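Student: upload-v5.pdb is reproduced below (PDB, C-alpha atoms).
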```
ATOM      1  CA  MET A   1      -6.483 -98.996  86.316  1.00  0.00           C
ATOM      2  CA  ASN A   2      -6.313-101.356  89.293  1.00  0.00           C
ATOM      3  CA  LEU A   3      -8.948 -99.435  91.225  1.00  0.00           C
ATOM      4  CA  ASN A   4     -12.217-101.297  91.536  1.00  0.00           C
ATOM      5  CA  LYS A   5     -14.030 -99.624  94.428  1.00  0.00           C
ATOM      6  CA  ALA A   6     -16.232 -96.591  93.875  1.00  0.00           C
ATOM      7  CA  GLU A   7     -14.889 -94.844  96.984  1.00  0.00           C
ATOM      8  CA  ASP A   8     -11.301 -95.212  95.757  1.00  0.00           C
ATOM      9  CA  LEU A   9     -12.156 -93.896  92.307  1.00  0.00           C
ATOM     10  CA  VAL A  10     -13.849 -90.802  93.749  1.00  0.00           C
ATOM     11  CA  SER A  11     -10.973 -90.249  96.159  1.00  0.00           C
ATOM     12  CA  TYR A  12      -8.458 -90.301  93.327  1.00  0.00           C
ATOM     13  CA  MET A  13     -10.579 -87.855  91.365  1.00  0.00           C
ATOM     14  CA  ARG A  14      -9.557 -85.303  93.995  1.00  0.00           C
ATOM     15  CA  LYS A  15      -5.834 -85.984  93.525  1.00  0.00           C
ATOM     16  CA  ILE A  16      -4.956 -86.787  89.919  1.00  0.00           C
ATOM     17  CA  LYS A  17      -3.964 -83.777  87.826  1.00  0.00           C
ATOM     18  CA  ASP A  18      -2.075 -85.394  84.953  1.00  0.00           C
ATOM     19  CA  PRO A  19      -4.303 -85.459  81.837  1.00  0.00           C
ATOM     20  CA  PHE A  20      -3.366 -89.023  80.840  1.00  0.00           C
ATOM     21  CA  ASN A  21      -3.962 -90.406  84.316  1.00  0.00           C
ATOM     22  CA  SER A  22      -7.195 -88.426  84.626  1.00  0.00           C
ATOM     23  CA  SER A  23      -8.393 -89.895  81.357  1.00  0.00           C
ATOM     24  CA  CYS A  24      -7.664 -93.434  82.572  1.00  0.00           C
ATOM     25  CA  LEU A  25      -9.396 -92.720  85.866  1.00  0.00           C
ATOM     26  CA  ILE A  26     -12.469 -91.307  84.117  1.00  0.00           C
ATOM     27  CA  GLN A  27     -12.681 -94.369  81.855  1.00  0.00           C
ATOM     28  CA  LYS A  28     -12.556 -96.618  84.903  1.00  0.00           C
ATOM     29  CA  ALA A  29     -15.201 -94.513  86.679  1.00  0.00           C
ATOM     30  CA  ILE A  30     -17.474 -94.803  83.631  1.00  0.00           C
ATOM     31  CA  GLU A  31     -17.291 -98.599  83.959  1.00  0.00           C
ATOM     32  CA  TYR A  32     -18.525 -98.290  87.568  1.00  0.00           C
ATOM     33  CA  GLN A  33     -20.850 -95.333  86.979  1.00  0.00           C
ATOM     34  CA  ASP A  34     -23.806 -96.763  88.903  1.00  0.00           C
ATOM     35  CA  ASP A  35     -21.646 -96.967  92.032  1.00  0.00           C
ATOM     36  CA  VAL A  36     -19.475 -93.903  91.430  1.00  0.00           C
ATOM     37  CA  MET A  37     -22.027 -91.303  90.361  1.00  0.00           C
ATOM     38  CA  PRO A  38     -24.025 -91.116  93.624  1.00  0.00           C
ATOM     39  CA  LEU A  39     -20.745 -90.388  95.428  1.00  0.00           C
ATOM     40  CA  VAL A  40     -19.662 -87.799  92.847  1.00  0.00           C
ATOM     41  CA  LEU A  41     -23.022 -86.026  92.931  1.00  0.00           C
ATOM     42  CA  LYS A  42     -22.919 -85.911  96.708  1.00  0.00           C
ATOM     43  CA  ARG A  43     -19.383 -84.543  96.819  1.00  0.00           C
ATOM     44  CA  ILE A  44     -19.807 -81.990  94.019  1.00  0.00           C
ATOM     45  CA  ARG A  45     -22.257 -80.066  96.214  1.00  0.00           C
ATOM     46  CA  THR A  46     -19.568 -78.941  98.628  1.00  0.00           C
ATOM     47  CA  SER A  47     -16.252 -79.498  96.874  1.00  0.00           C
ATOM     48  CA  GLY A  48     -13.908 -76.586  96.417  1.00  0.00           C
ATOM     49  CA  ARG A  49     -11.123 -78.604  94.816  1.00  0.00           C
ATOM     50  CA  ASP A  50     -10.687 -77.581  91.201  1.00  0.00           C
ATOM     51  CA  VAL A  51      -9.146 -80.936  90.249  1.00  0.00           C
ATOM     52  CA  PHE A  52     -12.176 -82.827  91.543  1.00  0.00           C
ATOM     53  CA  ILE A  53     -14.623 -80.394  89.957  1.00  0.00           C
ATOM     54  CA  GLU A  54     -12.953 -80.706  86.555  1.00  0.00           C
ATOM     55  CA  ASN A  55     -12.743 -84.506  86.742  1.00  0.00           C
ATOM     56  CA  ALA A  56     -16.360 -84.701  87.889  1.00  0.00           C
ATOM     57  CA  ALA A  57     -17.513 -82.498  85.009  1.00  0.00           C
ATOM     58  CA  ILE A  58     -15.717 -84.688  82.476  1.00  0.00           C
ATOM     59  CA  LEU A  59     -17.183 -87.794  84.072  1.00  0.00           C
ATOM     60  CA  ILE A  60     -20.742 -86.425  84.134  1.00  0.00           C
ATOM     61  CA  ALA A  61     -20.416 -85.405  80.486  1.00  0.00           C
ATOM     62  CA  ASN A  62     -19.627 -89.033  79.603  1.00  0.00           C
ATOM     63  CA  VAL A  63     -22.070 -91.060  81.704  1.00  0.00           C
ATOM     64  CA  ASP A  64     -25.746 -91.867  81.313  1.00  0.00           C
ATOM     65  CA  ILE A  65     -28.081 -88.878  80.861  1.00  0.00           C
ATOM     66  CA  LYS A  66     -29.981 -89.779  84.051  1.00  0.00           C
ATOM     67  CA  TYR A  67     -27.070 -88.390  86.081  1.00  0.00           C
ATOM     68  CA  THR A  68     -27.253 -85.084  84.219  1.00  0.00           C
ATOM     69  CA  GLU A  69     -30.922 -84.910  85.158  1.00  0.00           C
ATOM     70  CA  GLN A  70     -30.075 -85.644  88.812  1.00  0.00           C
ATOM     71  CA  LEU A  71     -27.414 -82.951  88.656  1.00  0.00           C
ATOM     72  CA  TYR A  72     -29.951 -80.436  87.373  1.00  0.00           C
ATOM     73  CA  GLU A  73     -32.320 -81.248  90.242  1.00  0.00           C
ATOM     74  CA  MET A  74     -29.615 -80.582  92.832  1.00  0.00           C
ATOM     75  CA  PHE A  75     -27.924 -77.684  91.011  1.00  0.00           C
ATOM     76  CA  SER A  76     -29.094 -75.058  93.524  1.00  0.00           C
ATOM     77  CA  ASP A  77     -27.304 -77.014  96.302  1.00  0.00           C
ATOM     78  CA  ILE A  78     -23.891 -76.632  94.653  1.00  0.00           C
ATOM     79  CA  ARG A  79     -21.951 -74.050  96.655  1.00  0.00           C
ATOM     80  CA  ASN A  80     -18.859 -73.446  94.535  1.00  0.00           C
ATOM     81  CA  PRO A  81     -19.292 -70.960  91.646  1.00  0.00           C
ATOM     82  CA  TYR A  82     -16.535 -72.671  89.653  1.00  0.00           C
ATOM     83  CA  ALA A  83     -18.338 -76.011  89.992  1.00  0.00           C
ATOM     84  CA  ARG A  84     -21.566 -74.387  88.827  1.00  0.00           C
ATOM     85  CA  SER A  85     -19.884 -72.921  85.766  1.00  0.00           C
ATOM     86  CA  GLU A  86     -18.189 -76.221  84.847  1.00  0.00           C
ATOM     87  CA  LEU A  87     -21.466 -78.067  85.202  1.00  0.00           C
ATOM     88  CA  CYS A  88     -23.250 -75.547  82.987  1.00  0.00           C
ATOM     89  CA  ILE A  89     -20.785 -76.584  80.285  1.00  0.00           C
ATOM     90  CA  VAL A  90     -21.846 -80.190  80.877  1.00  0.00           C
ATOM     91  CA  PHE A  91     -25.484 -79.202  80.341  1.00  0.00           C
ATOM     92  CA  GLY A  92     -24.467 -77.665  77.029  1.00  0.00           C
ATOM     93  CA  LEU A  93     -22.502 -80.736  75.983  1.00  0.00           C
ATOM     94  CA  LYS A  94     -25.491 -82.904  76.788  1.00  0.00           C
ATOM     95  CA  LYS A  95     -27.667 -80.517  74.693  1.00  0.00           C
ATOM     96  CA  LYS A  96     -29.942 -79.747  77.622  1.00  0.00           C
ATOM     97  CA  THR A  97     -30.890 -76.270  76.432  1.00  0.00           C
ATOM     98  CA  GLU A  98     -33.996 -76.260  78.633  1.00  0.00           C
ATOM     99  CA  TYR A  99     -31.697 -76.194  81.672  1.00  0.00           C
TER     100      TYR A  99
END
```
Hey, can you dump this file as structure tokens for me?
Tutor:
Amino acid sequence: MNLNKAEDLVSYMRKIKDPFNSSCLIQKAIEYQDDVMPLVLKRIRTSGRDVFIENAAILIANVDIKYTEQLYEMFSDIRNPYARSELCIVFGLKKKTEY
């Protein structure tokens, strides 16, 4: 909860596996979403780390809808099939059936 830099929050999203700590980290990232989300969207394109992909999906499902729209625009750039499948779940949670 002491993290207050977007870069640190995104870095920890790659490391934290514990559900309670992940939840706290996601809540903190939501507070800084305008700074965190550009970094998350950039990293999700090439990430192969399941922990990051899962944390990113939870974060995207809980932030402003504009980031879901940005995610849709860059969806074809996402390399990892697991990331693509997790993000399809996010589209469903956000009720973006047209995607």
Student: Specify as number ranges by chain each residue included when the PyMOL selection byres ((chain A and resi 72-80) around 9) is applied to this file.
Tutor: A: 41, 44-48, 67-71, 81-85, 87, 91, 99
Student: Which residues match the PyMOL selection byres ((chain A and resi 13) around 8) in the file above, as number ranges by chain?
Tutor: A: 9-12, 14-16, 22, 25, 51-52, 55-56
Student: Hey, can you spit out that residue selection with C-alpha atoms as a PDB file, in the frame of the given file?
Tutor:
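The resulting part_30.pdb:
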```pdb
ATOM      1  CA  LEU A   9     -12.156 -93.896  92.307  1.00  0.00           C
ATOM      2  CA  VAL A  10     -13.849 -90.802  93.749  1.00  0.00           C
ATOM      3  CA  SER A  11     -10.973 -90.249  96.159  1.00  0.00           C
ATOM      4  CA  TYR A  12      -8.458 -90.301  93.327  1.00  0.00           C
ATOM      5  CA  ARG A  14      -9.557 -85.303  93.995  1.00  0.00           C
ATOM      6  CA  LYS A  15      -5.834 -85.984  93.525  1.00  0.00           C
ATOM      7  CA  ILE A  16      -4.956 -86.787  89.919  1.00  0.00           C
ATOM      8  CA  SER A  22      -7.195 -88.426  84.626  1.00  0.00           C
ATOM      9  CA  LEU A  25      -9.396 -92.720  85.866  1.00  0.00           C
ATOM     10  CA  VAL A  51      -9.146 -80.936  90.249  1.00  0.00           C
ATOM     11  CA  PHE A  52     -12.176 -82.827  91.543  1.00  0.00           C
ATOM     12  CA  ASN A  55     -12.743 -84.506  86.742  1.00  0.00           C
ATOM     13  CA  ALA A  56     -16.360 -84.701  87.889  1.00  0.00           C
TER      14      ALA A  56
END
```
Student: If we count only C-alpha atoms and set the cut-off at 8 Å, which residues sit around Lys94 (chain A), ignoring sequence neighbours fewer than 2 positions away in its own chain? Please answer as number ranges by chain.
Tutor: A: 61, 65, 68, 90-92, 96
Student: Show which residues sit within 12 Å of Ser23 (chain A), as a list in words. Count all atoms listed in the file, and ignore same-chain residues fewer than 2 positions away.
Tutor: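 Once the adjacent positions are removed, what remains is Met1, Tyr12, Met13, Ile16, Lys17, Asp18, Pro19, Phe20, Asn21, Leu25, Ile26, Gln27, Lys28, Ala29, Ile30, Glu54, Asn55, Ala56, Ile58, Leu59 and Asn62 of chain A.
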Student: What would the list of residues within 6 Å of (-17.3, -89.9, 98.0) (file frame) look like as a list in words, if only C-alpha atoms are what count?
Tutor: Glu7, Val10, Leu39 and Arg43 of chain A
